[in-house]
Number of protein chains: 2
Amino acid sequence: MKLRIPCLRPAVLGASTLLAATGASADEGMWTFENFPIESVGEKYDVQLAEEWLERIQRSVTRHESGCTGSFISPDGLVLTNHHCVVSCLAELSSPSEDLLEQGFHARERPGERRCPTEIVSVLIDTENVTDKVTAATRGLAEAAANEARKQELSRLEAECTAATRKRRDTGPLACESVTLYQGGEYWLYKYKRYDDVRMVFAPHADIAAFGGDPDNFNFPRWCLDMSLLRVYENGKPAQTPNHLPWRESGAAEGEAVFVAGHPGSTYRLLTMAQLDFQRDVFAASYIARNSELRGRLIQWGRTSEEAERIVQDLLLTAENGLKVVRGWQRALNDDALLDRKRAEERALRTLVELEPGRESPSPWETVDAAYDTYRAIYPRYLFLESGAGFMSELFTHARRLVRAAEERAKPNEQRLREFAESNLPKIEASVLGRTPVYPEFEQMKLAYSLEKLREWLGPDEPVVRELLGTESPQTLAARLVSGSELGDVDVRRALWEGGLPAIQASNDPMIVLAREIDDESRAVRKRYEDEVQAPTATAQEEIAALRFRMLGTDTYPDATFTLRMSYGAVAGWIENGERVAPFTRLGRLYERTTGQEPFALPEVWLEAKPRLDLSTPFNFVTTNDIVGGNSGSPILDAEGRLVGLAFDGNSHSIAGSFGYDPELNRSIGVHPAIMIEALRKVYHADELLEEILGGR
Amino acid sequence: MKLRIPCLRPAVLGASTLLAATGASADEGMWTFENFPIESVGEKYDVQLAEEWLERIQRSVTRHESGCTGSFISPDGLVLTNHHCVVSCLAELSSPSEDLLEQGFHARERPGERRCPTEIVSVLIDTENVTDKVTAATRGLAEAAANEARKQELSRLEAECTAATRKRRDTGPLACESVTLYQGGEYWLYKYKRYDDVRMVFAPHADIAAFGGDPDNFNFPRWCLDMSLLRVYENGKPAQTPNHLPWRESGAAEGEAVFVAGHPGSTYRLLTMAQLDFQRDVFAASYIARNSELRGRLIQWGRTSEEAERIVQDLLLTAENGLKVVRGWQRALNDDALLDRKRAEERALRTLVELEPGRESPSPWETVDAAYDTYRAIYPRYLFLESGAGFMSELFTHARRLVRAAEERAKPNEQRLREFAESNLPKIEASVLGRTPVYPEFEQMKLAYSLEKLREWLGPDEPVVRELLGTESPQTLAARLVSGSELGDVDVRRALWEGGLPAIQASNDPMIVLAREIDDESRAVRKRYEDEVQAPTATAQEEIAALRFRMLGTDTYPDATFTLRMSYGAVAGWIENGERVAPFTRLGRLYERTTGQEPFALPEVWLEAKPRLDLSTPFNFVTTNDIVGGNSGSPILDAEGRLVGLAFDGNSHSIAGSFGYDPELNRSIGVHPAIMIEALRKVYHADELLEEILGGR
């Protein structure tokens with residue numbers, strides 16, 4: 001469940017990443033395809049991996065802009081990913097009379113495949129190293145100026161690259177995105193083919209996809225059919241995808257080498273101690289308190305009606321998953337064994353640098369220390385005003401995007417806020433103009449909650465809070481804003497999107513008014529963050545990266561950045577409290593474990609199908625692969641590139657993987673191909689899909 | 001708001017306490033009356049304090065068994081305490097047609113004073129040092145045996161003492177309680193006069209008592225009329241209380257010496273690092289996650305109806321207050337400045353001891369380290385099964401008390417669980433047979449929530465969880481238990497209480513059945529806690545205390561234990577972010593700050609009274625006194641023993657006071673006598689009460 005990127009990345013540490021340490025012997029590392037240690041892995045596991053192997057896999061793996069991974073599994077654009085990666089789409093396609101989460105979905109014929117309102121799927125076609133250009137653009141500049149120049153250069157390069165691919169024959173136009181690796185050690189352009197017509201083909205019932213629900217999340221042994229099938233379309237027809245993955249129905253054996261290709265979201269393995277302390281003391285502390293309360297509110301609100309229970313699911317799953325992650329982070333960051341190692345390494349490097357004769361400027365660690373003191377001071381404002389934690393509402397999200405898009409689109413590309421650069425506009429437009437349903441009562445509940453938290457964390461006497469609330473309470477203000485706003489209507493949003501700045505300025509919609517009025521304060525704290533936290537940290541991290549390269553070598557992988565990576569490992573259990581955990585679960589135990597009650601209930605069709613099923617079918621399994629949120633839906637492959645599983649989660653120890661990989665305990669969890677086939681054939685009677693998937697073997 | 005003992009003491013660290021460091025110069029310390037540094041304080045503040053001063057104050061101060069302090073302020077048993085100390089009583093006396101929290105309460109004549117169903121008020125009459133007897137009883141025994149022998153000896157001494165006072169003339173019979181000070185450095189018997197007929201006399205509207213609600217809690221400047229008046233009765237008549245406190249209407253001046261007498265609940269100033277790490281990593285992490293979710297559920301459930309909103313108040317206030325405390329603890333325990341000091345001191349003492357030539361047995365710190373490793377392992381079971389976090393329900397609480405009382409009362413006094421010793425039985429009986437209302441829907445909501453958490457934290461495959469839930473969900477089980485139980489009926493409870501073991505064994509009440517069935521598992525984990533955590537820790541703490549006495553001197557105060565203490569200090573503001581916070585607030589600002597919306601709304605009578613009021617009346621004020629939860633309702637006194645304030649809270653920095661006192665920042669907050677008088681006179685027209693309070697000057 002977890003491996004979808006939790007909704008907490010941007011607020012945590014900005015976009016900057018850190019060089020991660022080398023880990024040649026353990027199954028550690030989320031390697032870029034350019035730098036995958038193909039020979040040493042081949043030796044370790046006694047397998048032959050051809051260069052073409054990487055190329056074919058690259059073109060078969062999809063990136064889901066909602067925060068997941070998938071893979072093509074037929075020549076007609078059929079995509080395999082997790083069920084939990086399509087929960088938003090299923091929720092958006094549901095209605096009071098048709099709950100696709102509860103009932104599942106199966107389009108028996110292609111015309112019945114239903115378009116997901118906001119889903120965008122990308123495939124990485126090419127990459128290009130542009131480090132020299134970026135370095136040249138910032139040379140000699142001070143921190144804040146360098147930060148600004150770097151952003152402008154990246155926006156310029158993206159636009160130039162995208163324009164250059166406009167007439168590309170083999171793939172059609174591509175979207176270019178800049179990527180920072182080794183925190184400024186390298187800058188790249190990643191060139192994606194985009195599919196914005198993505199349709200729902202098949203989803204099992206939520207009760208079997210997420211069997212065990214939150215109690216089982218991040219646990220193993222496990223029995224989740226966490227799969228779904230989408231199809232990408234081009235020009236109204238199924239896209240042709242000659243690169244796709246064949247299935248190996250029997251899966252991989254215990255101890256066999258397996259590979260996971262996908263888009264791990266973020267890791268924080270080489271943060272400085274100041275950054276780790278911030279993560280624990282400020283970020284995790286605030287996140288857990290706020291989201292635990294939100295969880296309680298969502299659960300209780302969901303119990304007010306069946307409709308409410310349906311509406312609340314998507315956000316509740318996200319909140320519960322995020323809580324498991326961040327509580328795991330908190331545990332990891334209170335773990336002396338992990339922290340002492342990091343502390344000792346930092347102290348050693350830092351001492352060597354700070355004792356260098358003639359050194360006058362502050363060491364990069366001192367720079368980060370100071371930047372993070374500032375971050376601590378401004379974090380609540382940044383979180384509630386700029387990251388939007390104070391305004392949890394789809395309507396407000398639309399309003400802010402409309403207000404900012406109007407302002408930003410009027411500027412030259414390089415001077416815009418990064419998320420409004422030309423290369424990013426299609427994603428913004430898709431979400432603003434997507435036909436996502438808006439539920440007024442739910443909006444009101446969420447907005448009242450978040451305004452209460454804003455007041456709690458910024459304080460009732462803080463001027464921005466006083467101005468915002470006036471003599472209203474969070475509840476009355478939320479009610480007024482939601483009931484008065486027309487932004488739930490996509491035509492209203494389109495008119496504002498197309499009308500640009502004049503339309504925005506003329507609007508009396510209360511959400512637009514709020515987004516306009518809060519924007520100066522919000523941009524101000526963002527600027528402080530960018531100039532006083534992000535900029536000095538980026539410069540300091542570059543310096544630390546260079547020092548690490550110099551002192552510890554270059555045979556390393558960068559921290560995760562939601563870009564394509566390959567990890568290697570083997571099918572293997574682990575030892576928990578002295579007991580061996582076997583690597584495979586089997587179908588039979590599912591029937592012993594069901595209670596008939598959520599979240600351990602089984603759908604009727606599964607109960608009915610039991611006599612037909614092979615109860616010894618492997619269900620879920622664990623591997624040593626080093627993966628993280630964003631890898632959800634990643635194919636697990638054997639050395640020949642055949643699909644032997646579908647990654648969907650990690651065990652509880654894997655949560656600490658954000659900060660360091662532990663080969664003894666860290667395990668990925670996948671869905672076995674045999675259970676997917678068994679279910680499609682005998683429970684869902686999806687013979688046409690099986691024919692499409694397995695037919696071409 | 002906070003200074004009522006948060007509902008988290010017993011589960012945290014058991015009853016054991018630790019010797020606290022000396023703090024002669026700063027205004028630090030919660031001193032026992034025997035050891036109050038009367039001379040050095042007199043010198044520091046240039047005041048004369050007579051011994052009789054302490055005696056008179058001791059007899060004027062009340063201990064409220066619900067976790068607060070109060071004081072007699074008339075010869076007829078009138079007690080002043082906080083409004084937040086009587087919220088439970090007000091809730092119990094409320095009904096759908098009469099919400100005493102919202103409306104306040106004022107009995108204009110004595111027959112209208114209404115009895116609080118479960119309130120017990122005590123006054124400390126005598127104390128007796130029994131250290132020698134306890135030490136003799138445990139001499140030469142191993143840890144677990146010593147722990148058991150100590151408990152038995154304390155129960156025996158209590159019973160003997162209580163019996164000896166049965167015919168006491170001057171006071172009537174007393175209840176003797178054993179008290180452990182300096183964690184086994186000293187054992188005492190404290191002898192209380194008990195009042196179990198406690199009646200509500202006056203409570204202002206909750207909107208003015210807790211103006212600013214949770215957002216303002218632990219903040220200053222502040223405007224809370226957090227006062228209430230109770231009266232203790234004996235034999236159906238107002239009790240005679242010749243010892244009571246006169247008021248000084250004008251209060252104390254800035255810089256003037258002031259004293260707080262009361263019952264601080266718990267401090268943890270000399271925990272070992274292993275214990276502090278446990279507090280942060282295990283206790284606080286779990287508490288914040290669980291109670292934040294509970295808070296969200298309570299708020300959202302409270303919005304389902306007006307009746308629900310009323311019912312939920314008491315528990316919600318407790319949860320929100322507890323969250324502020326524990327989040328403050330978490331901050332303190334992540335604070336390097338505080339922790340490094342403690343770490344350095346421990347390292348120094350520990351090194352000296354562990355390097356002693358010829359030392360073979362483990363040092364006391366090693367003993368605590370090992371005990372707390374065990375505590376970490378068993379904590380979830382202890383918390384959910386024994387501390388009752390898995391069964392949040394009044395009905396279950398009754399059931400467990402009935403089941404255990406039946407078993408324990410059949411045993412000799414010394415062999416019982418401590419809370420069922422003869423000396424404690426009246427409190428247990430009062431709560432089991434009190435006429436506290438039970439709200440089935442609320443019960444169901446809380447119980448479902450806590451069963452869900454039990455499953456979450458112990459895991460769905462844990463045998464005790466599987467046995468408990470069977471094929472039911474937490475929701476269906478909660479519904480079945482609550483709807484099937486008759487324990488809401490006080491007559492049913494009385495029959496079971498009086499019927500003893502046979503009645504309990506014959507009962508089919510589903511709550512009784514649950515309490516019976518879970519009891520073996522629950523007692524088992526309690527026994528592990530007592531034998532493997534509490535016992536070795538107690539022995540180790542004794543040793544550490546002796547070492548500290550030897551190395552650091554004996555002029556010290558013990559950690560707080562909800563027993564009578566005196567703290568000294570002065571009226572003083574502090575510096576926050578470079579700005580001086582003035583020590584007094586005044587009434588006028590209240591009217592500027594109200595928004596008309598909860599929690600910043602004012603009751604109608606306050607709006608109406610405004611023209612009559614002196615807007616320059618001092619409202620709340622801060623002092624340097626070192627107090628903590630349990631001190632709620634404590635009188636703030638001048639050097640002549642006149643009441644110059646009513647303690648009700650501390651500033652946000654005071655929360656860290658659980659671990660250490662910071663003279664620069666730690667402040668107590670009190671209600672000024674002038675505003676109490678102004679309100680009683682001009683808002684509530686309580687002339688008869690003013691006459692009673694001020695008449696005797």
# chains A, B, ... in the order shown; residues from 1 in each chain; ligands from 1
>>> interface_residues(of="chain B", to="chain A", cutoff="6 Å", atoms="only C-alpha atoms", output="ChimeraX atom specification")
/B:215,289,292-293,296-297,300,456,471,473,595,597
>>> select_by_dssp(residues="segment 465-575 of chain A", states="strand (DSSP E or B)", output="list in words")
Pro558, Arg565, Met566, Ser567, Tyr568, Gly569, Ala570, Val571, Trp574 and Ile575 of chain A
>>> residues_around(residues="segment 528-532 of chain B", least_positions_apart="4", cutoff="8 Å", atoms="only C-alpha atoms", output="PyMOL selection string")
chain B and resi 143-144+147+371+374-375+378+382+524+536
